[in-house]
>>> print(open('final-v1.pdb').read())   # PDB, C-alpha atoms
ATOM      1  CA  MET A  46      17.708  17.329  29.744
ATOM      2  CA  PHE A  47      16.881  17.164  26.057
ATOM      3  CA  GLY A  48      19.734  14.779  25.435
ATOM      4  CA  ASN A  49      18.265  12.235  27.840
ATOM      5  CA  ASN A  50      14.918  12.202  26.081
ATOM      6  CA  LYS A  51      15.660  12.449  22.367
ATOM      7  CA  THR A  52      14.820   8.785  21.834
ATOM      8  CA  GLY A  53      11.495   8.844  23.686
ATOM      9  CA  TRP A  54       9.382   8.792  20.529
ATOM     10  CA  LYS A  55      10.541   6.125  18.084
ATOM     11  CA  PRO A  56       8.340   6.456  15.008
ATOM     12  CA  GLN A  57       7.275   3.226  13.353
ATOM     13  CA  PRO A  58       5.493   4.388  10.173
ATOM     14  CA  ALA A  59       4.613   0.950   8.822
ATOM     15  CA  ALA A  60       3.233  -0.312  12.131
ATOM     16  CA  THR A  61       1.379   2.965  12.673
ATOM     17  CA  GLU A  62      -0.289   2.752   9.264
ATOM     18  CA  LEU A  63      -1.193  -0.883   9.905
ATOM     19  CA  TYR A  64      -2.867   0.013  13.193
ATOM     20  CA  ALA A  65      -4.639   3.011  11.653
ATOM     21  CA  SER A  66      -6.027   0.717   8.952
ATOM     22  CA  THR A  67      -7.744  -1.402  11.627
ATOM     23  CA  ILE A  68      -9.691   1.538  13.091
ATOM     24  CA  PRO A  69     -13.318   1.391  11.876
ATOM     25  CA  ALA A  70     -14.105   4.093   9.329
ATOM     26  CA  LYS A  71     -17.092   5.195  11.413
ATOM     27  CA  TYR A  72     -14.743   6.625  14.064
ATOM     28  CA  LYS A  73     -13.144   8.921  11.500
ATOM     29  CA  THR A  74     -16.642   9.919  10.366
ATOM     30  CA  GLN A  75     -17.660  10.621  13.965
ATOM     31  CA  LEU A  76     -14.526  12.676  14.524
ATOM     32  CA  ASP A  77     -15.215  14.778  11.445
ATOM     33  CA  ALA A  78     -18.774  15.292  12.682
ATOM     34  CA  LEU A  79     -17.769  16.580  16.126
ATOM     35  CA  PRO A  80     -18.952  20.178  16.530
ATOM     36  CA  PHE A  81     -16.277  22.831  16.886
ATOM     37  CA  ASP A  82     -16.029  26.593  16.906
ATOM     38  CA  LEU A  83     -12.803  28.333  15.907
ATOM     39  CA  ASP A  84     -13.738  31.292  18.113
ATOM     40  CA  LYS A  85     -14.631  29.413  21.302
ATOM     41  CA  SER A  86     -12.013  28.771  24.009
ATOM     42  CA  ALA A  87     -12.233  25.508  25.956
ATOM     43  CA  PHE A  88     -10.198  24.206  28.894
ATOM     44  CA  PRO A  89     -10.572  20.472  29.640
ATOM     45  CA  PHE A  90      -7.561  20.686  31.975
ATOM     46  CA  ARG A  91      -9.916  22.243  34.524
ATOM     47  CA  ALA A  92     -11.927  19.016  34.668
ATOM     48  CA  LEU A  93      -8.762  17.008  35.333
ATOM     49  CA  THR A  94      -7.595  19.556  37.911
ATOM     50  CA  GLN A  95     -10.910  19.266  39.716
ATOM     51  CA  VAL A  96     -10.968  15.464  39.983
ATOM     52  CA  LEU A  97      -7.333  15.411  41.156
ATOM     53  CA  ARG A  98      -7.714  18.042  43.874
ATOM     54  CA  GLY A  99      -6.342  16.832  47.175
ATOM     55  CA  SER A 100      -3.594  14.808  45.500
ATOM     56  CA  GLN A 101       0.062  15.521  44.728
ATOM     57  CA  HIS A 102      -0.940  16.286  41.152
ATOM     58  CA  VAL A 103      -2.526  19.668  41.972
ATOM     59  CA  THR A 104      -0.688  22.425  43.838
ATOM     60  CA  ALA A 105      -2.156  25.874  44.539
ATOM     61  CA  GLY A 106      -4.971  25.177  42.107
ATOM     62  CA  ARG A 107      -2.679  24.281  39.200
ATOM     63  CA  LEU A 108      -2.270  20.887  37.570
ATOM     64  CA  ASN A 109       1.325  19.751  37.927
ATOM     65  CA  ALA A 110       3.393  18.353  35.080
ATOM     66  CA  LEU A 111       4.532  14.749  35.172
ATOM     67  CA  ASN A 112       8.194  13.813  34.987
ATOM     68  CA  GLN A 113       9.624  10.881  33.068
ATOM     69  CA  GLY A 114      13.131  11.379  34.427
ATOM     70  CA  SER A 115      16.150  10.338  32.382
ATOM     71  CA  TYR A 116      14.389   7.569  30.469
ATOM     72  CA  GLY A 117      12.627   7.705  27.093
ATOM     73  CA  SER A 118       9.123   6.824  28.290
ATOM     74  CA  CYS A 119       7.386  10.018  27.121
ATOM     75  CA  THR A 120       4.804   8.133  25.065
ATOM     76  CA  GLY A 121       3.550   6.489  28.254
ATOM     77  CA  PHE A 122       3.165   9.880  29.898
ATOM     78  CA  ALA A 123       1.356  11.354  26.906
ATOM     79  CA  GLY A 124      -0.981   8.359  26.878
ATOM     80  CA  SER A 125      -1.572   8.470  30.622
ATOM     81  CA  ARG A 126      -2.544  12.133  30.644
ATOM     82  CA  ALA A 127      -4.643  11.831  27.478
ATOM     83  CA  ALA A 128      -6.528   8.964  29.122
ATOM     84  CA  ASP A 129      -7.123  11.005  32.256
ATOM     85  CA  ILE A 130      -8.372  14.069  30.377
ATOM     86  CA  THR A 131     -10.969  11.932  28.618
ATOM     87  CA  ALA A 132     -11.968  10.175  31.848
ATOM     88  CA  ALA A 133     -12.293  13.459  33.777
ATOM     89  CA  CYS A 134     -14.482  14.961  31.064
ATOM     90  CA  ASP A 135     -16.592  11.780  31.046
ATOM     91  CA  ILE A 136     -17.481  12.573  34.641
ATOM     92  CA  LEU A 137     -17.700  16.370  34.715
ATOM     93  CA  TRP A 138     -18.598  17.300  31.127
ATOM     94  CA  ARG A 139     -20.547  14.289  29.861
ATOM     95  CA  GLN A 140     -22.072  13.561  33.295
ATOM     96  CA  GLU A 141     -21.474   9.819  33.040
ATOM     97  CA  ALA A 142     -22.321   7.759  36.115
ATOM     98  CA  GLU A 143     -18.714   7.104  37.077
ATOM     99  CA  LYS A 144     -16.359   7.960  39.911
ATOM    100  CA  TRP A 145     -12.700   8.892  39.841
ATOM    101  CA  PRO A 146     -10.280   6.103  40.907
ATOM    102  CA  ARG A 147      -8.615   6.402  44.305
ATOM    103  CA  ASN A 148      -5.872   4.521  46.102
ATOM    104  CA  GLY A 149      -6.071   2.706  49.423
ATOM    105  CA  ASP A 150      -5.643   6.008  51.275
ATOM    106  CA  GLY A 151      -8.582   7.573  49.469
ATOM    107  CA  GLN A 152      -6.421   9.891  47.346
ATOM    108  CA  PRO A 153      -7.311  10.419  43.664
ATOM    109  CA  VAL A 154      -4.810   8.730  41.362
ATOM    110  CA  ILE A 155      -3.782   8.998  37.720
ATOM    111  CA  THR A 156      -3.363   6.382  35.023
ATOM    112  CA  ALA A 157       0.084   4.833  35.526
ATOM    113  CA  PRO A 158       2.541   6.211  32.911
ATOM    114  CA  ASP A 159       5.031   3.348  33.316
ATOM    115  CA  TYR A 160       2.227   0.869  32.658
ATOM    116  CA  CYS A 161       1.131   2.780  29.519
ATOM    117  CA  TYR A 162       4.683   2.752  28.249
ATOM    118  CA  GLY A 163       5.279  -0.944  29.002
ATOM    119  CA  ALA A 164       1.886  -1.923  27.604
ATOM    120  CA  SER A 165       2.647  -0.102  24.349
ATOM    121  CA  ARG A 166       5.834  -2.112  23.938
ATOM    122  CA  ASP A 167       4.022  -5.339  24.833
ATOM    123  CA  VAL A 168       0.968  -4.925  22.593
ATOM    124  CA  SER A 169       3.128  -3.948  19.598
ATOM    125  CA  GLY A 170       5.463  -6.924  20.032
ATOM    126  CA  ASN A 171       8.490  -4.643  20.402
ATOM    127  CA  LEU A 172      10.013  -6.099  23.548
ATOM    128  CA  GLY A 173      13.667  -5.446  24.254
ATOM    129  CA  ARG A 174      16.100  -3.310  26.187
ATOM    130  CA  TYR A 175      16.027  -0.179  24.026
ATOM    131  CA  GLN A 176      14.119   2.973  25.055
ATOM    132  CA  GLY A 177      11.100   4.523  23.397
ATOM    133  CA  SER A 178       7.781   3.717  21.776
ATOM    134  CA  TYR A 179       5.236   5.350  19.441
ATOM    135  CA  GLY A 180       1.766   6.848  19.653
ATOM    136  CA  ALA A 181      -0.170   4.185  17.753
ATOM    137  CA  ALA A 182       1.205   1.531  20.118
ATOM    138  CA  VAL A 183       0.004   3.476  23.176
ATOM    139  CA  ALA A 184      -3.427   3.978  21.596
ATOM    140  CA  LYS A 185      -3.591   0.278  20.776
ATOM    141  CA  ALA A 186      -2.592  -0.648  24.330
ATOM    142  CA  LEU A 187      -5.259   1.571  25.904
ATOM    143  CA  ARG A 188      -7.867   0.043  23.597
ATOM    144  CA  LEU A 189      -6.883  -3.650  23.734
ATOM    145  CA  TYR A 190      -5.295  -3.894  27.191
ATOM    146  CA  GLY A 191      -7.007  -1.012  29.024
ATOM    147  CA  ALA A 192      -5.737   1.254  31.799
ATOM    148  CA  ILE A 193      -4.531   0.775  35.352
ATOM    149  CA  HIS A 194      -3.726   3.437  37.916
ATOM    150  CA  GLN A 195      -1.114   4.493  40.442
ATOM    151  CA  THR A 196      -2.150   2.232  43.272
ATOM    152  CA  LYS A 197      -1.482  -1.315  44.529
ATOM    153  CA  TYR A 198      -2.741  -4.382  42.692
ATOM    154  CA  GLY A 199      -1.974  -7.362  44.903
ATOM    155  CA  ARG A 200       1.808  -7.766  44.990
ATOM    156  CA  PHE A 201       2.272  -5.088  42.311
ATOM    157  CA  ASP A 202       2.773  -1.577  43.650
ATOM    158  CA  LEU A 203       2.247   1.086  40.991
ATOM    159  CA  SER A 204       1.870   3.939  43.487
ATOM    160  CA  THR A 205       4.805   5.874  42.044
ATOM    161  CA  TYR A 206       6.344   6.066  38.598
ATOM    162  CA  SER A 207       9.370   3.791  38.231
ATOM    163  CA  ILE A 208      12.020   3.793  35.517
ATOM    164  CA  ASP A 209      12.898   0.256  36.611
ATOM    165  CA  LYS A 210       9.344  -0.890  35.833
ATOM    166  CA  CYS A 211       9.553   0.856  32.470
ATOM    167  CA  LYS A 212      12.716  -1.030  31.642
ATOM    168  CA  LYS A 213      11.436  -4.387  32.863
ATOM    169  CA  TRP A 214       8.032  -4.237  31.199
ATOM    170  CA  ALA A 215       9.534  -2.937  27.940
ATOM    171  CA  ALA A 216      11.850  -5.956  27.961
ATOM    172  CA  VAL A 217       9.524  -8.773  29.049
ATOM    173  CA  GLY A 218       5.975  -7.425  28.856
ATOM    174  CA  ILE A 219       3.200  -6.559  31.316
ATOM    175  CA  PRO A 220       2.501  -9.199  34.032
ATOM    176  CA  GLU A 221      -0.693 -11.145  33.364
ATOM    177  CA  PRO A 222      -2.422 -10.112  36.642
ATOM    178  CA  LEU A 223      -2.064  -6.447  35.615
ATOM    179  CA  LYS A 224      -3.428  -7.196  32.145
ATOM    180  CA  GLU A 225      -6.472  -8.797  33.740
ATOM    181  CA  GLU A 226      -7.004  -5.717  35.900
ATOM    182  CA  ALA A 227      -6.540  -3.336  32.966
ATOM    183  CA  LEU A 228      -9.146  -5.138  30.856
ATOM    184  CA  LYS A 229     -11.800  -3.799  33.218
ATOM    185  CA  HIS A 230     -11.036  -0.257  32.020
ATOM    186  CA  GLN A 231     -10.503  -0.134  28.278
ATOM    187  CA  PHE A 232     -10.845   2.815  25.925
ATOM    188  CA  LEU A 233     -13.149   1.326  23.334
ATOM    189  CA  THR A 234     -12.355   3.942  20.695
ATOM    190  CA  THR A 235      -9.109   5.346  19.345
ATOM    191  CA  VAL A 236      -8.774   7.518  16.268
ATOM    192  CA  ARG A 237      -5.949   9.232  14.422
ATOM    193  CA  ILE A 238      -5.934  13.037  14.254
ATOM    194  CA  GLU A 239      -5.079  14.422  10.840
ATOM    195  CA  ASN A 240      -5.787  18.144  10.970
ATOM    196  CA  VAL A 241      -6.138  21.171  13.229
ATOM    197  CA  GLU A 242      -9.928  21.228  12.998
ATOM    198  CA  GLN A 243     -10.126  17.698  14.401
ATOM    199  CA  ALA A 244      -7.756  18.602  17.235
ATOM    200  CA  ILE A 245      -9.857  21.654  18.142
ATOM    201  CA  ALA A 246     -13.055  19.595  18.036
ATOM    202  CA  LEU A 247     -11.551  16.936  20.306
ATOM    203  CA  THR A 248     -10.386  19.573  22.768
ATOM    204  CA  GLN A 249     -13.696  21.439  22.839
ATOM    205  CA  ASN A 250     -15.533  18.154  23.393
ATOM    206  CA  GLY A 251     -13.227  16.906  26.141
ATOM    207  CA  TYR A 252     -11.116  14.158  24.590
ATOM    208  CA  GLY A 253      -7.401  13.823  25.295
ATOM    209  CA  PHE A 254      -4.887  13.018  22.595
ATOM    210  CA  MET A 255      -1.188  12.406  22.044
ATOM    211  CA  ILE A 256       1.097  14.636  19.991
ATOM    212  CA  CYS A 257       4.053  12.517  18.846
ATOM    213  CA  CYS A 258       6.422  14.383  16.555
ATOM    214  CA  GLY A 259       9.923  15.697  15.963
ATOM    215  CA  LEU A 260       9.152  19.341  16.746
ATOM    216  CA  GLY A 261      10.457  21.341  19.708
ATOM    217  CA  TRP A 262       9.370  24.474  21.544
ATOM    218  CA  HIS A 263      11.090  27.119  23.619
ATOM    219  CA  THR A 264      11.260  26.712  27.383
ATOM    220  CA  LYS A 265       9.924  30.202  28.057
ATOM    221  CA  ARG A 266       6.355  31.230  27.297
ATOM    222  CA  ASP A 267       5.405  34.672  26.018
ATOM    223  CA  ASP A 268       2.877  36.945  27.743
ATOM    224  CA  ASP A 269      -0.061  34.966  26.302
ATOM    225  CA  GLY A 270       1.235  31.614  27.562
ATOM    226  CA  PHE A 271       2.497  30.532  24.115
ATOM    227  CA  ALA A 272       5.891  28.991  23.352
ATOM    228  CA  ARG A 273       7.575  29.544  20.016
ATOM    229  CA  ARG A 274       8.845  26.662  17.949
ATOM    230  CA  VAL A 275      12.614  26.044  17.971
ATOM    231  CA  ARG A 276      14.877  24.237  15.518
ATOM    232  CA  PRO A 277      16.177  21.642  15.569
ATOM    233  CA  GLY A 278      13.431  19.807  17.441
ATOM    234  CA  TRP A 279      13.535  16.419  19.111
ATOM    235  CA  SER A 280      11.617  13.134  18.950
ATOM    236  CA  HIS A 281       9.127  13.414  21.746
ATOM    237  CA  ALA A 282       5.510  12.764  22.792
ATOM    238  CA  GLN A 283       3.336  15.264  24.635
ATOM    239  CA  VAL A 284      -0.308  15.416  25.572
ATOM    240  CA  GLY A 285      -2.854  17.594  23.780
ATOM    241  CA  GLY A 286      -6.519  18.198  24.462
ATOM    242  CA  LEU A 287      -5.814  20.215  27.609
ATOM    243  CA  GLY A 288      -7.066  23.497  26.210
ATOM    244  CA  TYR A 289      -7.885  25.636  23.193
ATOM    245  CA  VAL A 290      -7.626  29.409  23.433
ATOM    246  CA  VAL A 291      -8.766  32.337  21.319
ATOM    247  CA  ILE A 292      -7.143  35.679  22.158
ATOM    248  CA  LYS A 293      -8.404  38.843  20.512
ATOM    249  CA  LYS A 294      -6.433  42.031  21.048
ATOM    250  CA  ASN A 295      -5.014  44.872  18.995
ATOM    251  CA  ARG A 296      -7.463  43.934  16.226
ATOM    252  CA  LYS A 297      -5.749  40.573  15.835
ATOM    253  CA  THR A 298      -6.882  37.072  16.719
ATOM    254  CA  ARG A 299      -4.530  34.444  18.066
ATOM    255  CA  ARG A 300      -5.541  30.790  18.420
ATOM    256  CA  GLY A 301      -3.623  27.956  20.043
ATOM    257  CA  VAL A 302      -3.816  24.455  21.517
ATOM    258  CA  LEU A 303      -2.352  23.677  24.944
ATOM    259  CA  LEU A 304       0.299  20.960  25.245
ATOM    260  CA  GLN A 305       1.882  19.639  28.424
ATOM    261  CA  ASN A 306       5.313  18.092  28.652
ATOM    262  CA  SER A 307       6.557  15.240  30.841
ATOM    263  CA  TRP A 308       9.763  16.909  31.980
ATOM    264  CA  GLY A 309       8.458  18.290  35.266
ATOM    265  CA  ASN A 310       7.169  21.645  36.472
ATOM    266  CA  ARG A 311      10.358  23.613  35.924
ATOM    267  CA  TRP A 312      10.793  22.888  32.243
ATOM    268  CA  GLN A 313       8.511  25.790  31.316
ATOM    269  CA  SER A 314       8.512  29.339  32.684
ATOM    270  CA  GLY A 315       7.237  32.755  31.665
ATOM    271  CA  GLY A 316       3.801  34.187  30.955
ATOM    272  CA  LEU A 317       0.445  32.542  31.617
ATOM    273  CA  PHE A 318      -2.808  32.910  29.748
ATOM    274  CA  CYS A 319      -4.696  32.245  32.988
ATOM    275  CA  ASP A 320      -3.702  31.814  36.637
ATOM    276  CA  ASP A 321      -4.550  28.101  36.612
ATOM    277  CA  GLN A 322      -2.661  27.227  33.422
ATOM    278  CA  PRO A 323      -1.048  23.837  34.153
ATOM    279  CA  ARG A 324       2.636  23.739  34.979
ATOM    280  CA  GLY A 325       4.926  22.533  32.219
ATOM    281  CA  ALA A 326       2.219  23.486  29.690
ATOM    282  CA  TYR A 327       2.167  25.999  26.855
ATOM    283  CA  PHE A 328       0.037  26.968  23.883
ATOM    284  CA  ILE A 329       1.318  26.401  20.350
ATOM    285  CA  GLU A 330       0.278  28.146  17.148
ATOM    286  CA  LEU A 331      -2.139  26.284  14.888
ATOM    287  CA  ASP A 332       0.350  26.212  11.999
ATOM    288  CA  ASP A 333       2.825  24.398  14.236
ATOM    289  CA  LEU A 334       0.108  22.027  15.398
ATOM    290  CA  GLN A 335      -0.690  21.094  11.803
ATOM    291  CA  THR A 336       2.985  20.365  11.179
ATOM    292  CA  ALA A 337       3.105  18.187  14.296
ATOM    293  CA  LEU A 338       0.046  16.223  13.175
ATOM    294  CA  GLU A 339       1.754  15.427   9.895
ATOM    295  CA  SER A 340       3.872  12.879  11.765
ATOM    296  CA  GLY A 341       0.853  10.579  11.330
ATOM    297  CA  ASP A 342       1.286   9.295  14.884
ATOM    298  CA  CYS A 343      -1.144  11.457  16.894
ATOM    299  CA  PHE A 344      -4.100   9.580  18.379
ATOM    300  CA  ALA A 345      -7.076  10.385  20.600
ATOM    301  CA  VAL A 346      -8.833   8.062  23.036
ATOM    302  CA  ALA A 347     -12.537   7.873  23.868
ATOM    303  CA  ASP A 348     -15.316   5.659  25.262
ATOM    304  CA  PHE A 349     -13.609   4.816  28.550
ATOM    305  CA  GLU A 350     -14.954   1.895  30.515
ATOM    306  CA  GLY A 351     -14.631   3.748  33.802
ATOM    307  CA  PHE A 352     -15.367   3.115  37.454
ATOM    308  CA  THR A 353     -19.144   2.823  37.526
ATOM    309  CA  GLU A 354     -20.905   4.175  40.573
ATOM    310  CA  ARG A 355     -24.413   3.347  41.689
ATOM    311  CA  TYR A 356     -26.785   5.391  39.582
ATOM    312  CA  ASP A 357     -28.875   7.962  41.384
ATOM    313  CA  TRP A 358     -32.335   7.411  39.920
ATOM    314  CA  SER A 359     -33.548  10.625  41.555
ATOM    315  CA  ARG A 360     -31.787  12.429  38.727
ATOM    316  CA  LEU A 361     -34.696  11.381  36.538
ATOM    317  CA  GLY A 362     -37.172  13.010  38.901
ATOM    318  CA  TRP A 363     -38.951   9.773  39.752
TER     319      TRP A 363
END
>>> encode(input="final-v1.pdb", output="structure tokens")
Amino acid sequence: MFGNNKTGWKPQPAATELYASTIPAKYKTQLDALPFDLDKSAFPFRALTQVLRGSQHVTAGRLNALNQGSYGSCTGFAGSRAADITAACDILWRQEAEKWPRNGDGQPVITAPDYCYGASRDVSGNLGRYQGSYGAAVAKALRLYGAIHQTKYGRFDLSTYSIDKCKKWAAVGIPEPLKEEALKHQFLTTVRIENVEQAIALTQNGYGFMICCGLGWHTKRDDDGFARRVRPGWSHAQVGGLGYVVIKKNRKTRRGVLLQNSWGNRWQSGGLFCDDQPRGAYFIELDDLQTALESGDCFAVADFEGFTERYDWSRLGW
């Protein structure tokens, strides 16, 4: 499996730095000002699990992992899930007057990973037949192009993930009708994550982010739901912002951030911190997280232009 996905994250340091330089300084200031507490656990994955209940993405109360298959589209999956974490927390944590998107059958749907991947290749001008992309390009795509979901848009059916669509859109770009649809739902803010404290603050405040790096972790979790780092690693993108945990036992304190892979439910096995820990997800130590962030290609998304619902003025007590 690893061999099929080693090229999923293709770092582009110069392009990443160029994009980072265009992000207004106030966003970095706002990120640094986000409140956080090293000793407070937080689990944004529960918000995403709740809005996706009744769909194929939640089984027995647990959020399922996504699966990119044998194609290097992991950045699209990391971006899709990061977008959905932020959007779910907009609704359930920040109480924004929005509703979760649904398909024609009324089922809740996720942001389309193949679109995120193709859009990242399009917006960065890196069209061609090779596999892979990078985090800054996905962040840029979600900000400039916006997001679309796993449903039908006219003659375009995005109901299920498709490697063929990944290949086509990476080669020739996103069709204009889909770009027009995506512009209705942009993430107005993206920001680069540079340290563990920022990652914890984003998680505790309900913002999803992408971890794009060359590190790897073991396929079996320990009794606390953590996976140990393995060497050598591989070039891959995963989603962060799902959870932050503080475990105190035997007079020791253990802290970790929850990542989820895009290699399906069976990639990870072993212990769980909690019964509803997402499948394919594991906590990593904060030292390893800091090393991952040093790739310079880890971005968060915020300020989603969601699916506005009619505001209930009775909430104001009038």
>>> atom_distance(input="final-v1.pdb", atom1="atom CA of Asp268 of chain A", atom2="atom CA of Ser314 of chain A")
10.7 Å
>>> closest_residue(input="final-v1.pdb", among="A:Tyr289, A:Met255, A:Gly114, A:Ile155", to="Arg237 of chain A", atoms="all atoms listed in the file")
A:Met255
>>> closest_residue(input="final-v1.pdb", among="A:Thr235, A:Gly253, A:Thr248, A:Asp342", to="Lys71 of chain A", atoms="all atoms listed in the file")
A:Thr235
>>> resolve_selection(input="final-v1.pdb", expression="the PyMOL selection byres ((chain A and resi 188-204) around 10)", output="ChimeraX atom specification")
/A:124-125,128-129,146-150,152-161,164-165,167-168,182-187,205-207,210,219-220,222-235,346-351
>>> resolve_selection(input="final-v1.pdb", expression="the PyMOL selection byres ((chain A and resi 273) around 10)", output="JSON, numbers by chain")
{"A": [261, 262, 263, 264, 265, 266, 267, 271, 272, 274, 275, 327, 328, 329, 330, 333]}
>>> residues_near_point(input="final-v1.pdb", point="(3.2, 16.3, 23.3)", cutoff="8 Å", atoms="only C-alpha atoms", output="PyMOL selection string")
chain A and resi 123+255-258+281-285+304-306
>>> closest_residue(input="final-v1.pdb", among="A:Leu97, A:Ile130, A:Ala92, A:Ala181", to="Asn109 of chain A", atoms="only C-alpha atoms")
A:Leu97
>>> closest_residue(input="final-v1.pdb", among="A:Cys211, A:Leu108, A:Leu247, A:Leu93", to="Gln75 of chain A", atoms="only C-alpha atoms")
A:Leu247
>>> atom_distance(input="final-v1.pdb", atom1="atom CA of Thr67 of chain A", atom2="atom CA of Leu172 of chain A")
21.9 Å
>>> closest_residue(input="final-v1.pdb", among="A:Gly99, A:Gly270, A:Gly151, A:Gly301", to="Gly315 of chain A", atoms="all atoms listed in the file")
A:Gly270
>>> residues_around(input="final-v1.pdb", residues="Pro56 of chain A", least_positions_apart="4", cutoff="9 Å", atoms="only C-alpha atoms", output="PyMOL selection string")
chain A and resi 60-61+178-180+257-258+280+340+342
>>> closest_residue(input="final-v1.pdb", among="A:Gly163, A:Ile238, A:Tyr116, A:Leu83", to="Gly341 of chain A", atoms="all atoms listed in the file")
A:Ile238
>>> atom_distance(input="final-v1.pdb", atom1="atom CA of Thr94 of chain A", atom2="atom CA of Ile292 of chain A")
22.5 Å
>>> residues_around(input="final-v1.pdb", residues="Ser118 of chain A", least_positions_apart="6", cutoff="7 Å", atoms="all atoms listed in the file", output="CSV table (one decimal) with C-alpha atoms, in the frame of the given file")
chain,number,residue,atom,x,y,z
A,53,GLY,CA,11.5,8.8,23.7
A,162,TYR,CA,4.7,2.8,28.2
A,177,GLY,CA,11.1,4.5,23.4
>>> residues_around(input="final-v1.pdb", residues="Gly286 of chain A", least_positions_apart="5", cutoff="9 Å", atoms="only C-alpha atoms", output="ChimeraX atom specification")
/A:88-90,127,130-131,244-245,247-249,251-255,302-304,345
>>> axis_aligned_box(input="final-v1.pdb", around="segment 194-197 of chain A", padding_each_side="3 Å", output="JSON")
{"center_x": -2.4, "center_y": 1.6, "center_z": 41.2, "size_x": 8.6, "size_y": 11.8, "size_z": 12.6}
>>> resolve_selection(input="final-v1.pdb", expression="the PyMOL selection byres ((chain A and resi 137) around 10)", output="PyMOL selection string")
chain A and resi 89+91-93+95-96+132-136+138-144+251
>>> residues_near_point(input="final-v1.pdb", point="(-3.3, 28.3, 11.8)", cutoff="9 Å", atoms="all atoms listed in the file", output="ChimeraX atom specification")
/A:241,299-301,330-335
>>> residues_around(input="final-v1.pdb", residues="Ala78 of chain A", least_positions_apart="4", cutoff="10 Å", atoms="only C-alpha atoms", output="ChimeraX atom specification")
/A:72-74,243,246
